[in-house]
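The structure under discussion appears below in the form of structure tokens.
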Amino acid sequence: MLPTYPEAKFFACTQSRALAENIVETYGAKLGNIITSTYSDGEFQPSFEESIRGARVFIIGSTHPNSDHLMEMLLMLDAAKRASARHITAVLPYYGWARQDRKDKPRVPIAAKLIAKMLETAGATRIITMDLHADQIQGFFEKPVDHLFASTIFLPHLQSLNLDNLMIASPDMGGSKRAYAYAKALSSDVVICYKQRAKANVISHMELIGEVTGKNVVLVDDMVDTAGTLTKAADLMMERGAKSVRAICTHPLLSGGAYERIEKSKLQELIVTDSIPLKQQSPKVKVVSCAQLFADVMKRVHSNESISSKFIM
């Protein structure tokens, strides 16, 4: 006789409501009722409006800046813990503050570890996230982490484009491992962009390692913030004889003048997931939903099944 499991319950943080609705609809369930009260000074208090005692609870919300998004997740985790939920899974399509994963100069924090400890202290018994900025962030947790790869979504999409002379590119040296994994899956070559920064978000020099003449280039990255690197790389590749340049980036932070840079660049299109809601629409930005991936993994987690089939890379 197969084991039976109590029905899972799903709740959404404010910033990820649309994605959470898609995930839960794909799962075949409904979002639970939660109300957030806000004081006049900006302080807020989430409240579960149904019993979650003994239940497996999934709380869905990306923790991209500003810090209110992270704080809302922490408060919801704490509320679930104090309401006697049996398992509390923090579903973070985008794990914010992950770029601060090490001390790259004296007297700076390791924010990625701090966030991990805060999530665990608040009550998370499991973490589900996608395309961490650095894989080793998983080691900051003492609780199980299911680290999903957006390649599960992007590879089928790239294959459907039927691009000839395909070339995978990494916008920097740090992303070369990811680029090689995509290249292996697509049986293509790799080109690497070597860049030097004057300071954060400011590139002083960029050079290519590899040949792009006559190639349809696809830049691969885990996130796009100001889009300075992507657009500079795309323009440089077109100058070097590339046939076309498009980019796939999991998390569309798209801050500052990102949209304007993308529109003015020679980038044909930017393909992203809906891990973070777009600030505005752009004809060059295409969204591929990650709802199916998260719904499948959450269903397997709830029934204690293997999720290894969801790891393409």
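Residue numbering restarts at 1 for every chain of the structure tokens, chains are lettered A, B, ... in their displayed order, and ligands are numbered from 1 as they appear.
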- prompt: What are the DSSP strand (DSSP E or B) residues of range 105-306 of chain A, as a ChimeraX atom specification?
  reply: /A:126-130,145-148,166-170,189-199,202-209,216-224,244-252,270-273,285-288
- request: Determine, counting only C-alpha atoms, which protein, DNA and RNA residues have an atom within 12 Å of an atom of range 305-308 of chain A; residues of the same chain fewer than 2 positions away are not included. Present the result as number ranges by chain.
  value: A: 3, 128, 145-149, 152, 293-303, 310-313
With N, CA and C atoms kept, could you save the residues just selected as a tab-separated table (two decimals), in the first residue's frame?
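The resulting result_25.tsv:
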chain	number	residue	atom	x	y	z
A	3	PRO	N	2.15	5.01	0.63
A	3	PRO	CA	1.92	5.94	1.75
A	3	PRO	C	1.09	7.14	1.30
A	128	ILE	N	14.16	25.65	-1.42
A	128	ILE	CA	14.15	25.35	-2.86
A	128	ILE	C	14.46	26.66	-3.58
A	145	VAL	N	18.90	21.73	0.78
A	145	VAL	CA	18.72	22.74	-0.26
A	145	VAL	C	18.53	22.03	-1.61
A	146	ASP	N	17.43	22.31	-2.27
A	146	ASP	CA	17.21	21.82	-3.63
A	146	ASP	C	17.56	22.97	-4.57
A	147	HIS	N	18.73	22.87	-5.19
A	147	HIS	CA	19.21	23.93	-6.07
A	147	HIS	C	18.87	23.57	-7.51
A	148	LEU	N	17.86	24.20	-8.06
A	148	LEU	CA	17.38	23.89	-9.41
A	148	LEU	C	18.15	24.70	-10.45
A	149	PHE	N	18.19	24.18	-11.66
A	149	PHE	CA	18.88	24.86	-12.75
A	149	PHE	C	17.87	25.31	-13.81
A	152	THR	N	16.98	23.57	-17.31
A	152	THR	CA	15.84	22.69	-17.53
A	152	THR	C	14.79	23.37	-18.40
A	293	LEU	N	8.56	23.96	-13.54
A	293	LEU	CA	9.71	23.38	-12.87
A	293	LEU	C	9.50	23.35	-11.36
A	294	PHE	N	9.10	24.49	-10.78
A	294	PHE	CA	8.91	24.55	-9.33
A	294	PHE	C	7.73	23.68	-8.89
A	295	ALA	N	6.65	23.66	-9.66
A	295	ALA	CA	5.49	22.84	-9.29
A	295	ALA	C	5.86	21.36	-9.27
A	296	ASP	N	6.61	20.91	-10.27
A	296	ASP	CA	7.02	19.50	-10.33
A	296	ASP	C	7.91	19.14	-9.14
A	297	VAL	N	8.88	20.00	-8.85
A	297	VAL	CA	9.80	19.72	-7.75
A	297	VAL	C	9.07	19.74	-6.41
A	298	MET	N	8.19	20.70	-6.21
A	298	MET	CA	7.45	20.77	-4.95
A	298	MET	C	6.56	19.55	-4.75
A	299	LYS	N	5.97	19.06	-5.84
A	299	LYS	CA	5.13	17.86	-5.76
A	299	LYS	C	5.97	16.65	-5.35
A	300	ARG	N	7.18	16.54	-5.92
A	300	ARG	CA	8.07	15.43	-5.60
A	300	ARG	C	8.60	15.53	-4.17
A	301	VAL	N	8.90	16.76	-3.75
A	301	VAL	CA	9.37	16.96	-2.37
A	301	VAL	C	8.28	16.55	-1.38
A	302	HIS	N	7.04	16.93	-1.67
A	302	HIS	CA	5.94	16.62	-0.77
A	302	HIS	C	5.72	15.11	-0.65
A	303	SER	N	5.90	14.39	-1.75
A	303	SER	CA	5.67	12.93	-1.73
A	303	SER	C	6.97	12.14	-1.53
A	310	LYS	N	15.27	16.42	-12.66
A	310	LYS	CA	15.11	17.85	-12.96
A	310	LYS	C	16.44	18.58	-13.08
A	311	PHE	N	17.54	17.84	-12.96
A	311	PHE	CA	18.85	18.46	-13.06
A	311	PHE	C	19.49	18.09	-14.39
A	312	ILE	N	19.39	19.02	-15.37
A	312	ILE	CA	19.98	18.77	-16.68
A	312	ILE	C	21.47	19.03	-16.63
A	313	MET	N	21.90	20.09	-15.96
A	313	MET	CA	23.31	20.43	-15.89
A	313	MET	C	24.00	19.62	-14.79
- prompt: For Thr121 in chain A, which residue among A:His87, A:Lys81, A:Arg102, A:His133 is the nearest when counting only C-alpha atoms?
  reply: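 Of the candidates, the smallest distance to Thr121 in chain A is held by A:Lys81.
Shortest separation to Glu211 in chain A among A:Asn165, A:Ser187, A:Ser47, A:Ser151 occurs at residue A:Asn165, atoms counted being only C-alpha atoms.
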Would you give me, as a tab-separated table, each residue of range 236-286 of chain A having an atom within 12 Å of an atom of range 57-64 of chain A, along with its shortest atom pair and that distance in Å to one decimal, using only C-alpha atoms and sorting by chain and residue number?
residue	atom	partner	partner_atom	distance
A:His251	CA	A:His64	CA	9.7
A:Pro252	CA	A:His64	CA	10.3
A:Leu253	CA	A:His64	CA	8.0
A:Leu254	CA	A:His64	CA	11.4
A:Ser255	CA	A:His64	CA	11.4
A:Asp274	CA	A:Ser62	CA	10.3
A:Ser275	CA	A:Ser62	CA	6.9
A:Ile276	CA	A:Ser62	CA	6.8
A:Pro277	CA	A:Ser62	CA	9.6
Keeping only N, CA and C atoms, take the residues you just selected and write them out as a PDB file, in the first residue's frame.
ATOM      1  N   HIS A 251      17.636  35.444 -13.855  1.00  0.00           N
ATOM      2  CA  HIS A 251      16.975  36.410 -12.970  1.00  0.00           C
ATOM      3  C   HIS A 251      17.047  37.825 -13.543  1.00  0.00           C
ATOM      4  N   PRO A 252      15.912  38.415 -13.950  1.00  0.00           N
ATOM      5  CA  PRO A 252      15.906  39.751 -14.573  1.00  0.00           C
ATOM      6  C   PRO A 252      15.811  40.887 -13.554  1.00  0.00           C
ATOM      7  N   LEU A 253      16.934  41.187 -12.890  1.00  0.00           N
ATOM      8  CA  LEU A 253      16.928  42.320 -11.952  1.00  0.00           C
ATOM      9  C   LEU A 253      16.647  43.619 -12.695  1.00  0.00           C
ATOM     10  N   LEU A 254      17.356  43.824 -13.798  1.00  0.00           N
ATOM     11  CA  LEU A 254      17.113  44.943 -14.719  1.00  0.00           C
ATOM     12  C   LEU A 254      16.889  46.274 -13.992  1.00  0.00           C
ATOM     13  N   SER A 255      17.947  46.745 -13.351  1.00  0.00           N
ATOM     14  CA  SER A 255      17.886  48.001 -12.605  1.00  0.00           C
ATOM     15  C   SER A 255      18.593  49.119 -13.368  1.00  0.00           C
ATOM     16  N   ASP A 274      10.548  34.116 -14.987  1.00  0.00           N
ATOM     17  CA  ASP A 274       9.698  35.008 -14.185  1.00  0.00           C
ATOM     18  C   ASP A 274       9.997  34.874 -12.693  1.00  0.00           C
ATOM     19  N   SER A 275      11.262  34.541 -12.361  1.00  0.00           N
ATOM     20  CA  SER A 275      11.652  34.447 -10.948  1.00  0.00           C
ATOM     21  C   SER A 275      11.496  35.785 -10.244  1.00  0.00           C
ATOM     22  N   ILE A 276      11.654  36.860 -11.008  1.00  0.00           N
ATOM     23  CA  ILE A 276      11.441  38.223 -10.512  1.00  0.00           C
ATOM     24  C   ILE A 276      10.497  38.906 -11.499  1.00  0.00           C
ATOM     25  N   PRO A 277       9.462  39.593 -11.023  1.00  0.00           N
ATOM     26  CA  PRO A 277       8.569  40.282 -11.960  1.00  0.00           C
ATOM     27  C   PRO A 277       9.284  41.414 -12.677  1.00  0.00           C
TER      28      PRO A 277
END
- prompt: Any idea what's packed within 12 Å of Lys286 in chain A, counting only C-alpha atoms, ignoring anything in its chain fewer than 3 positions away? Could you give it as a count of residues only?
  reply: 21
statement: In terms of only C-alpha atoms, the residue from A:Lys9, A:Arg240, A:Lys143, A:Arg99 at minimal distance from Met223 in chain A is A:Arg99
task: Record the distance separating CA of Val191 in chain A and CA of Val287 in chain A, expressed in Å with one decimal.
output: 24.7 Å
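Coordinates place CA of Met71 in chain A at a distance of 12.4 Å from CA of Thr36 in chain A.
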field: Contact residues around Pro46 in chain A with only C-alpha atoms at 9 Å, ignoring same-chain residues under 5 positions, as a ChimeraX atom specification
entry: /A:34-38,72,75-76,79
- prompt: Got a sec to tell me which of range 147-242 of chain A DSSP assigns to helix (DSSP H, G or I), as a VMD selection string?
  reply: chain A and resid 151 to 160 173 to 186 228 to 239
